[in-house]
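The structure file work36.txt is reproduced below (compact mmCIF, C-alpha atoms).
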```txt
# COMPACT_ATOMS: atom_id res chain seq x y z
CA MET A 264 85.50 104.83 83.79
CA SER A 265 84.05 101.44 82.88
CA GLU A 266 83.52 98.26 84.83
CA LEU A 267 85.49 95.33 83.46
CA SER A 268 83.32 93.06 81.34
CA PRO A 269 84.04 89.31 81.35
CA ILE A 270 84.16 89.50 77.55
CA GLN A 271 86.53 92.48 77.40
CA ARG A 272 89.51 91.68 75.18
CA ALA A 273 91.91 94.36 76.52
CA TRP A 274 91.79 97.29 78.91
CA VAL A 275 93.71 99.95 80.84
CA GLU A 276 93.63 99.80 84.62
CA VAL A 277 93.94 103.08 86.50
CA SER A 278 94.53 103.51 90.22
CA PRO A 279 93.00 106.74 91.59
CA ALA A 280 94.56 105.89 94.96
CA ALA A 281 98.04 105.96 93.39
CA ILE A 282 97.36 109.36 91.81
CA GLU A 283 96.04 110.76 95.08
CA SER A 284 99.07 109.40 96.91
CA ASN A 285 101.44 110.86 94.31
CA ALA A 286 99.81 114.28 94.68
CA ARG A 287 100.34 114.16 98.46
CA THR A 288 103.92 112.98 98.00
CA LEU A 289 104.67 115.79 95.55
CA LEU A 290 103.11 118.40 97.84
CA GLY A 291 105.37 117.19 100.63
CA HIS A 292 108.36 117.71 98.34
CA LEU A 293 107.48 121.32 97.47
CA LYS A 294 108.82 124.46 99.02
CA PRO A 295 106.43 125.57 101.79
CA GLY A 296 103.62 127.69 100.34
CA THR A 297 104.01 126.40 96.78
CA GLN A 298 100.80 125.17 95.16
CA LEU A 299 100.40 122.08 92.98
CA MET A 300 98.69 122.23 89.59
CA ALA A 301 97.74 118.78 88.28
CA VAL A 302 98.21 118.64 84.51
CA VAL A 303 95.44 116.41 83.14
CA LYS A 304 95.64 117.19 79.43
CA ALA A 305 95.52 114.43 76.78
CA ASP A 306 92.82 112.63 78.78
CA GLY A 307 94.98 112.67 81.87
CA TYR A 308 98.00 111.31 79.97
CA GLY A 309 95.83 108.37 78.93
CA HIS A 310 94.59 107.65 82.46
CA GLY A 311 91.19 109.38 82.14
CA ALA A 312 91.07 113.11 82.82
CA VAL A 313 88.04 113.20 85.11
CA THR A 314 89.28 110.32 87.28
CA VAL A 315 92.76 111.86 87.52
CA ALA A 316 91.46 115.36 88.25
CA LYS A 317 89.26 114.20 91.12
CA ALA A 318 92.03 112.05 92.62
CA ALA A 319 94.63 114.83 92.33
CA LEU A 320 92.31 117.35 93.98
CA ARG A 321 91.69 114.92 96.83
CA GLY A 322 95.46 114.64 97.14
CA GLY A 323 95.86 118.40 97.59
CA ALA A 324 96.21 119.86 94.08
CA SER A 325 94.75 123.37 94.01
CA SER A 326 94.17 123.69 90.26
CA LEU A 327 94.18 121.78 86.98
CA GLY A 328 95.91 122.28 83.64
CA VAL A 329 94.53 121.19 80.25
CA ALA A 330 95.57 121.79 76.66
CA THR A 331 92.30 122.40 74.84
CA LEU A 332 88.98 124.10 75.39
CA GLN A 333 87.19 120.77 74.96
CA GLU A 334 89.30 119.22 77.72
CA GLY A 335 88.34 122.03 80.09
CA LEU A 336 84.66 121.75 79.19
CA GLU A 337 84.76 118.00 79.86
CA LEU A 338 85.99 118.64 83.41
CA ARG A 339 83.32 121.27 84.02
CA ALA A 340 80.63 118.91 82.67
CA ALA A 341 81.82 116.34 85.23
CA GLY A 342 81.11 118.83 88.03
CA ILE A 343 84.72 119.81 88.71
CA ASN A 344 84.80 123.42 89.93
CA ALA A 345 88.52 123.86 90.66
CA PRO A 346 90.49 126.55 88.75
CA ILE A 347 91.42 125.27 85.28
CA LEU A 348 94.14 126.82 83.11
CA LEU A 349 94.18 126.23 79.35
CA LEU A 350 97.84 125.79 78.55
CA SER A 351 97.48 126.16 74.77
CA ALA A 352 96.42 129.19 72.75
CA LEU A 353 92.84 130.12 71.91
CA HIS A 354 92.35 132.32 68.86
CA THR A 355 88.68 132.99 68.20
CA ALA A 356 86.06 135.04 69.98
CA ASP A 357 83.79 132.00 70.11
CA GLU A 358 86.42 129.92 71.91
CA LEU A 359 87.23 132.66 74.39
CA THR A 360 83.55 133.36 75.03
CA ARG A 361 82.98 129.70 75.91
CA CYS A 362 86.07 129.86 78.09
CA ASN A 363 84.66 132.84 79.95
CA GLU A 364 81.20 131.29 80.27
CA ARG A 365 82.55 128.13 81.89
CA GLY A 366 85.07 129.77 84.20
CA LEU A 367 88.19 128.58 82.40
CA MET A 368 91.40 130.64 82.37
CA PRO A 369 93.00 131.17 78.95
CA THR A 370 96.72 131.58 78.39
CA LEU A 371 97.65 134.87 76.70
CA SER A 372 100.73 135.51 74.60
CA SER A 373 100.03 139.02 73.29
CA LEU A 374 98.25 142.29 73.98
CA GLU A 375 95.96 141.57 71.01
CA GLU A 376 94.70 138.40 72.69
CA ALA A 377 94.27 140.30 75.95
CA SER A 378 92.27 143.04 74.22
CA LEU A 379 89.94 140.46 72.67
CA CYS A 380 89.36 138.88 76.09
CA ASP A 381 88.71 142.33 77.57
CA ARG A 382 86.08 143.06 74.90
CA ILE A 383 84.37 139.69 75.42
CA SER A 384 84.28 140.24 79.16
CA ALA A 385 82.85 143.74 78.73
CA GLU A 386 80.10 142.47 76.44
CA ARG A 387 79.12 139.75 78.89
CA GLY A 388 79.24 141.97 81.97
CA GLY A 389 79.86 140.48 85.40
CA GLU A 390 83.20 139.85 87.04
CA PRO A 391 86.52 140.53 85.24
CA PHE A 392 87.74 137.66 83.06
CA PRO A 393 90.58 135.71 84.83
CA VAL A 394 93.57 135.15 82.51
CA GLN A 395 97.23 134.19 82.72
CA LEU A 396 100.16 135.52 80.71
CA LYS A 397 102.85 133.25 79.34
CA VAL A 398 106.30 134.56 78.48
CA ASP A 399 108.76 132.67 76.29
CA THR A 400 112.06 132.32 78.14
CA GLY A 401 113.63 129.73 75.85
CA MET A 402 111.08 127.18 74.62
CA SER A 403 110.40 129.15 71.40
CA ARG A 404 106.80 128.04 71.34
CA LEU A 405 103.89 129.89 72.98
CA GLY A 406 104.33 133.07 74.98
CA ALA A 407 105.38 136.68 74.56
CA ASP A 408 109.06 137.56 74.33
CA TRP A 409 110.29 137.70 77.93
CA ARG A 410 112.05 141.03 77.23
CA ILE A 411 108.66 142.77 76.94
CA GLY A 412 107.07 140.68 79.68
CA ALA A 413 106.94 143.34 82.40
CA GLU A 414 105.59 145.95 79.99
CA LEU A 415 102.92 143.51 78.80
CA VAL A 416 101.88 142.70 82.38
CA GLN A 417 101.27 146.39 83.01
CA SER A 418 99.33 146.79 79.77
CA ILE A 419 97.07 143.86 80.63
CA ARG A 420 96.55 145.15 84.15
CA ALA A 421 95.27 148.38 82.62
CA LEU A 422 92.44 146.57 80.81
CA PRO A 423 89.38 147.06 83.05
CA ASN A 424 87.57 143.82 82.30
CA LEU A 425 90.47 141.42 82.87
CA GLN A 426 91.95 139.94 86.02
CA LEU A 427 95.55 138.90 85.45
CA VAL A 428 95.88 135.92 87.78
CA GLY A 429 99.20 134.39 86.79
CA LEU A 430 102.51 134.82 84.98
CA TYR A 431 104.38 131.78 83.76
CA SER A 432 106.84 130.16 81.39
CA HIS A 433 107.77 126.61 80.38
CA LEU A 434 111.09 124.80 80.76
CA ALA A 435 112.67 123.27 77.65
CA CYS A 436 115.52 121.18 79.10
CA ALA A 437 114.71 120.47 82.74
CA ASP A 438 114.93 116.70 82.25
CA ILE A 439 118.60 116.72 81.25
CA GLU A 440 121.44 116.93 83.75
CA GLU A 441 123.16 119.89 82.09
CA GLU A 442 121.43 122.86 83.73
CA THR A 443 122.55 125.90 81.71
CA THR A 444 119.30 126.37 79.81
CA THR A 445 117.14 125.77 82.87
CA ARG A 446 119.09 128.36 84.88
CA LEU A 447 118.84 130.83 82.00
CA GLN A 448 115.07 130.40 81.74
CA HIS A 449 114.69 130.78 85.50
CA ASP A 450 116.77 133.97 85.42
CA ARG A 451 114.72 135.40 82.55
CA LEU A 452 111.40 134.81 84.28
CA ASN A 453 112.80 136.30 87.47
CA ALA A 454 113.91 139.35 85.47
CA VAL A 455 110.33 139.87 84.32
CA ILE A 456 108.99 139.48 87.85
CA ASN A 457 111.59 141.80 89.39
CA ALA A 458 110.90 144.49 86.77
CA LEU A 459 107.29 144.80 87.95
CA PRO A 460 106.56 147.64 90.40
CA ASP A 461 105.33 145.16 93.00
CA GLN A 462 107.60 142.24 91.98
CA GLY A 463 104.49 140.29 91.00
CA ARG A 464 103.15 139.90 94.53
CA ASP A 465 99.56 139.73 93.29
CA LEU A 466 100.40 137.15 90.59
CA CYS A 467 100.79 133.39 90.78
CA CYS A 468 104.17 132.89 89.12
CA HIS A 469 105.10 129.42 87.91
CA LEU A 470 107.77 127.75 85.79
CA ALA A 471 108.41 124.15 86.84
CA ASN A 472 107.05 121.08 85.06
CA SER A 473 107.56 117.61 86.56
CA ALA A 474 111.31 117.67 85.89
CA GLY A 475 111.65 121.19 87.25
CA THR A 476 109.60 120.26 90.31
CA LEU A 477 111.85 117.30 91.09
CA HIS A 478 114.96 119.36 90.34
CA GLY A 479 114.81 121.49 93.49
CA HIS A 480 113.08 124.20 95.50
CA GLU A 481 114.63 127.10 93.58
CA LEU A 482 112.28 126.40 90.64
CA HIS A 483 109.10 126.01 92.66
CA LEU A 484 108.03 129.69 92.85
CA ASP A 485 104.32 130.11 93.72
CA MET A 486 103.13 126.98 91.92
CA VAL A 487 104.37 123.97 89.95
CA ARG A 488 102.66 122.26 87.02
CA VAL A 489 103.06 118.50 87.38
CA GLY A 490 102.03 115.98 84.75
CA LEU A 491 104.21 112.89 84.35
CA ALA A 492 105.25 112.62 88.01
CA LEU A 493 101.60 112.75 89.09
CA TYR A 494 101.12 109.49 87.19
CA GLY A 495 103.99 107.86 89.06
CA GLN A 496 106.63 108.16 86.34
CA GLN A 497 110.07 109.77 86.50
CA PRO A 498 110.83 112.34 83.78
CA ALA A 499 114.49 111.26 83.89
CA ARG A 500 116.52 108.60 85.69
CA HIS A 501 118.26 111.17 87.90
CA LEU A 502 115.03 112.85 89.04
CA GLY A 503 112.52 111.69 91.63
CA ALA A 504 113.68 108.16 92.50
CA GLU A 505 113.76 109.03 96.20
CA LEU A 506 110.05 109.98 96.23
CA ARG A 507 108.84 106.43 95.49
CA LEU A 508 105.99 107.61 93.28
CA GLN A 509 103.41 104.94 92.45
CA PRO A 510 102.71 104.09 88.78
CA ALA A 511 98.98 104.53 88.27
CA LEU A 512 98.42 102.61 85.01
CA ALA A 513 98.48 99.03 83.81
CA VAL A 514 97.59 97.57 80.41
CA ARG A 515 96.20 94.07 80.26
CA ALA A 516 94.70 91.83 77.57
CA ARG A 517 93.29 88.34 77.17
CA VAL A 518 94.69 85.40 75.26
CA SER A 519 92.33 84.64 72.38
CA LEU A 520 94.04 81.62 70.77
CA ILE A 521 96.90 79.20 71.46
CA ARG A 522 98.48 77.07 68.76
CA ASP A 523 101.43 74.72 68.42
CA VAL A 524 103.61 75.18 65.33
CA PRO A 525 106.71 73.41 64.00
CA ALA A 526 110.17 74.88 63.55
CA GLY A 527 110.54 77.21 60.60
CA THR A 528 107.06 78.71 60.86
CA GLY A 529 106.76 82.35 59.82
CA VAL A 530 104.84 84.53 62.25
CA SER A 531 102.72 87.60 61.41
CA TYR A 532 103.12 90.05 58.51
CA GLY A 533 106.35 89.86 56.56
CA HIS A 534 107.52 86.77 58.43
CA ARG A 535 110.01 88.94 60.31
CA TYR A 536 110.15 86.13 62.88
CA ILE A 537 110.65 82.47 62.05
CA THR A 538 110.25 79.96 64.87
CA PRO A 539 113.66 78.45 65.70
CA GLY A 540 112.06 75.24 66.94
CA ALA A 541 108.69 73.73 67.74
CA SER A 542 106.81 76.54 69.46
CA ARG A 543 103.64 77.31 71.37
CA LEU A 544 102.21 80.64 70.22
CA ALA A 545 99.60 82.71 72.04
CA VAL A 546 97.54 85.30 70.18
CA VAL A 547 96.55 88.27 72.36
CA ALA A 548 93.80 90.67 71.38
CA ILE A 549 95.59 94.02 71.44
CA GLY A 550 97.57 95.86 68.75
CA TYR A 551 98.82 99.14 67.39
CA ALA A 552 95.26 100.46 66.98
CA ASP A 553 95.09 100.28 70.78
CA GLY A 554 98.46 101.94 71.37
CA VAL A 555 100.96 99.07 71.29
CA ILE A 556 103.31 100.78 68.86
CA ARG A 557 104.31 98.70 65.83
CA ALA A 558 107.94 99.80 66.23
CA LEU A 559 108.02 97.67 69.40
CA SER A 560 107.65 94.48 67.34
CA GLY A 561 109.92 91.77 68.70
CA ARG A 562 111.31 94.07 71.39
CA ILE A 563 108.89 93.67 74.28
CA HIS A 564 107.36 90.95 76.41
CA ALA A 565 104.19 90.39 78.40
CA LEU A 566 103.82 88.93 81.89
CA HIS A 567 101.75 85.93 82.97
CA ARG A 568 101.82 85.14 86.68
CA GLY A 569 104.98 87.21 86.92
CA SER A 570 106.87 85.37 84.17
CA PRO A 571 107.82 86.93 80.82
CA LEU A 572 106.45 85.85 77.44
CA PRO A 573 108.41 87.35 74.52
CA GLN A 574 106.38 89.11 71.83
CA VAL A 575 107.30 87.75 68.39
CA GLY A 576 106.58 88.82 64.83
CA ALA A 577 105.14 92.14 63.68
CA ILE A 578 102.62 93.82 65.97
CA THR A 579 99.38 94.08 63.97
CA MET A 580 96.43 96.43 64.19
CA ASP A 581 94.40 94.35 66.62
CA GLN A 582 96.61 91.50 67.81
CA ILE A 583 100.05 90.49 68.97
CA VAL A 584 101.68 87.06 69.20
CA LEU A 585 103.57 85.82 72.24
CA ASP A 586 105.98 82.90 72.47
CA ALA A 587 104.42 80.74 75.18
CA SER A 588 106.68 77.73 74.61
CA ASP A 589 107.82 77.81 78.23
CA HIS A 590 104.32 78.42 79.62
CA SER A 591 102.36 75.17 79.51
CA ASP A 592 99.94 76.59 82.10
CA LEU A 593 98.78 79.44 79.81
CA ARG A 594 95.17 79.02 78.67
CA ILE A 595 92.78 80.75 76.27
CA GLY A 596 91.04 83.53 78.20
CA ASP A 597 93.96 84.11 80.59
CA THR A 598 95.03 87.70 81.25
CA VAL A 599 98.52 88.88 80.38
CA THR A 600 100.09 92.19 81.43
CA LEU A 601 101.65 94.47 78.81
CA LEU A 602 102.43 97.31 81.22
CA GLY A 603 102.23 97.38 84.99
CA ARG A 604 102.79 94.93 87.81
CA ASP A 605 102.05 91.22 87.75
CA GLY A 606 103.16 89.41 90.88
CA GLU A 607 106.70 90.41 91.74
CA ALA A 608 107.51 91.56 88.19
CA SER A 609 106.56 94.75 86.40
CA ILE A 610 106.95 96.46 83.03
CA GLU A 611 107.18 100.25 82.96
CA PRO A 612 106.42 102.57 80.02
CA GLN A 613 110.03 103.80 80.10
CA GLU A 614 111.06 100.35 78.86
CA TRP A 615 108.81 100.66 75.81
CA ALA A 616 110.01 104.20 75.18
CA HIS A 617 113.63 103.05 75.24
CA GLN A 618 112.93 100.19 72.85
CA CYS A 619 111.32 102.38 70.16
CA ASP A 620 113.33 105.60 70.63
CA SER A 621 110.33 107.45 72.08
CA ILE A 622 109.48 109.06 75.42
CA THR A 623 107.31 107.95 78.33
CA TRP A 624 104.80 110.72 77.64
CA GLU A 625 104.09 109.40 74.14
CA ILE A 626 103.66 105.82 75.34
CA LEU A 627 101.11 106.80 78.01
CA CYS A 628 99.16 109.14 75.74
CA GLY A 629 99.02 106.57 72.96
CA PHE A 630 96.43 104.19 74.41
CA ARG A 631 93.27 104.61 72.36
CA LYS A 632 89.69 105.13 73.44
CA ARG A 633 88.68 101.63 72.41
CA LEU A 634 90.57 100.36 75.45
CA PRO A 635 88.19 101.03 78.35
CA ARG A 636 89.67 102.60 81.48
CA VAL A 637 88.89 100.55 84.58
CA GLU A 638 89.42 101.88 88.10
CA VAL A 639 91.24 99.51 90.43
```
This structure in structure tokens:
Amino acid sequence: MSELSPIQRAWVEVSPAAIESNARTLLGHLKPGTQLMAVVKADGYGHGAVTVAKAALRGGASSLGVATLQEGLELRAAGINAPILLLSALHTADELTRCNERGLMPTLSSLEEASLCDRISAERGGEPFPVQLKVDTGMSRLGADWRIGAELVQSIRALPNLQLVGLYSHLACADIEEETTTRLQHDRLNAVINALPDQGRDLCCHLANSAGTLHGHELHLDMVRVGLALYGQQPARHLGAELRLQPALAVRARVSLIRDVPAGTGVSYGHRYITPGASRLAVVAIGYADGVIRALSGRIHALHRGSPLPQVGAITMDQIVLDASDHSDLRIGDTVTLLGRDGEASIEPQEWAHQCDSITWEILCGFRKRLPRVEV
């Protein structure tokens, strides 16, 4: 995390306190005995993985989930010693060796992958290599076919240099109100668990993402994997409103130029916007290279002292233009809010997602590295 420079043109503000609070709130919502995994992949959904991981662990999360080996190594380099599960596949011996060296748990989808991990662990000596098995119950992505899940668990358990820690699957449709697919996936994972001689008592079994977690206790199992809700966002309108989760991110930028133009002036590339009358335009130093998606052109607004300023014309790589005709108090160097709270008003990433036919996840993950993350 950076400190805000007085010359910084635009930045992302992150509240570790909000993330910590959300973790505590989510733990209070879980079935008693269920653990919370904080999913911090994609640089903590754009919030900064190390900052998020530390805040979530303070809030009671027991483990962390990442997508890539590099993401796991970054957390270890920051001194984070909590259990870390790699949610995506690793294919090479080099990757899995690094995983083993740094105490990261890989996700397995086949006996071949398990055998490779067993060989690596044997060559390195020491304690058995902790791994987790994923079964595909309906996502049609990673994971072994659920119908051979119980057999595969037993085969992995027979490998002497592995420690099978967990068994899990991933929900495909938990954020929609129609529950048929979610129930089917839950039933399939339960069928795998119940087919084991000990009903998986020595395994950490998990299925629920944020939507599944907010859906109800029946999906909680031994652990839940929470991403979006940890950052204070609802995965769907009908899920989680009662928890009052706190949004943890704001995007702000400075006004770099103000100009007065007559009626009929074309604004930005393509002149997609023509001023209907004499207008006061404010140029703000942020654009699609920072994560303000070009498809949002003319569909969003910014906030200044709680009042909206419509964005006009095409969003460009490094700048946007706001109509400040009704804001005579706006000055060069003033801060405007693109996302987050400003006074009594706020703009949430769901609004952007709706305007450009996207999803909240994509909006949050889209803010580029050249926007420094600042803790508030």
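Closest to A:Val487 among A:Leu359, A:Cys468, A:Leu627, A:Ile549 is A:Cys468, based on only C-alpha atoms.
In terms of minimum interatomic distance to A:Gly533, A:Ile578 ranks closest within A:Val637, A:Leu508, A:Leu520, A:Ile578, counting only C-alpha atoms.
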Tell me which protein, DNA and RNA residues are within 9 Å of A:Thr600, counting all atoms listed in the file, leaving out same-chain ones fewer than 4 positions away, and put them as a list in words.
Ala513, Val514, Arg515, Ala516, Arg517, His564, Ala565, Leu566, His567, Arg568, Gly569, Arg604, Asp605, Ser609 and Ile610 of chain A
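Closest approach to A:Glu414 from the set A:Pro525, A:Pro460, A:Gly389, A:Gly479 is made by A:Pro460, with distances taken over only C-alpha atoms.
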Which residue is closest to A:Leu427? Choose from A:His449, A:Arg594, A:Leu482, A:Met368 and count all atoms listed in the file.
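The answer is A:Met368, which sits nearest to A:Leu427.
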10 Å contact set for A:Ile456, all atoms listed in the file, chain neighbours under 4 positions out, as a PyMOL selection string
chain A and resi 412-413+416+430-431+450-452+460-464+466+468
Nearby residues, (87.6, 101.6, 77.5) file frame, 12 Å, all atoms listed in the file, as a ChimeraX atom specification
/A:264-268,271-277,309-311,514-515,553,630-638
Limited to C-alpha atoms, could you put the picked residues into a file as a compact mmCIF listing (two decimals), keeping the file's coordinate frame?
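That gives us result31.txt:
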```txt
# COMPACT_ATOMS: atom_id res chain seq x y z
CA MET A 264 85.50 104.83 83.79
CA SER A 265 84.05 101.44 82.88
CA GLU A 266 83.52 98.26 84.83
CA LEU A 267 85.49 95.33 83.46
CA SER A 268 83.32 93.06 81.34
CA GLN A 271 86.53 92.48 77.40
CA ARG A 272 89.51 91.68 75.18
CA ALA A 273 91.91 94.36 76.52
CA TRP A 274 91.79 97.29 78.91
CA VAL A 275 93.71 99.95 80.84
CA GLU A 276 93.63 99.80 84.62
CA VAL A 277 93.94 103.08 86.50
CA GLY A 309 95.83 108.37 78.93
CA HIS A 310 94.59 107.65 82.46
CA GLY A 311 91.19 109.38 82.14
CA VAL A 514 97.59 97.57 80.41
CA ARG A 515 96.20 94.07 80.26
CA ASP A 553 95.09 100.28 70.78
CA PHE A 630 96.43 104.19 74.41
CA ARG A 631 93.27 104.61 72.36
CA LYS A 632 89.69 105.13 73.44
CA ARG A 633 88.68 101.63 72.41
CA LEU A 634 90.57 100.36 75.45
CA PRO A 635 88.19 101.03 78.35
CA ARG A 636 89.67 102.60 81.48
CA VAL A 637 88.89 100.55 84.58
CA GLU A 638 89.42 101.88 88.10
```
Counting all atoms listed in the file, the residue among A:Leu371, A:Leu299, A:Cys467, A:Leu350 that lies closest to A:His433 is A:Leu350
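In terms of minimum interatomic distance to A:Asp620, A:Ala558 ranks closest within A:Ala558, A:Ala608, A:Val313, A:Asp592, counting only C-alpha atoms.
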Shell around stretch 436-443 of chain A at 8 Å using only C-alpha atoms, local window under 4 positions removed, as a list in words
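So the residues in contact are Leu447, Ala474, Gly475, His478, Pro498, Ala499, His501 and Leu502 of chain A.
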Just how far from atom CA of A:Gln509 is atom CA of A:Ser560, in Å to one decimal?
27.5 Å
Test item: residues at most 8 Å from stretch 322-329 of chain A, only C-alpha atoms, excluding those fewer than 2 positions along its chain, as a PyMOL selection string:
chain A and resi 282-287+290+298-305+316+318-320+331-332+334-335+345-351+488
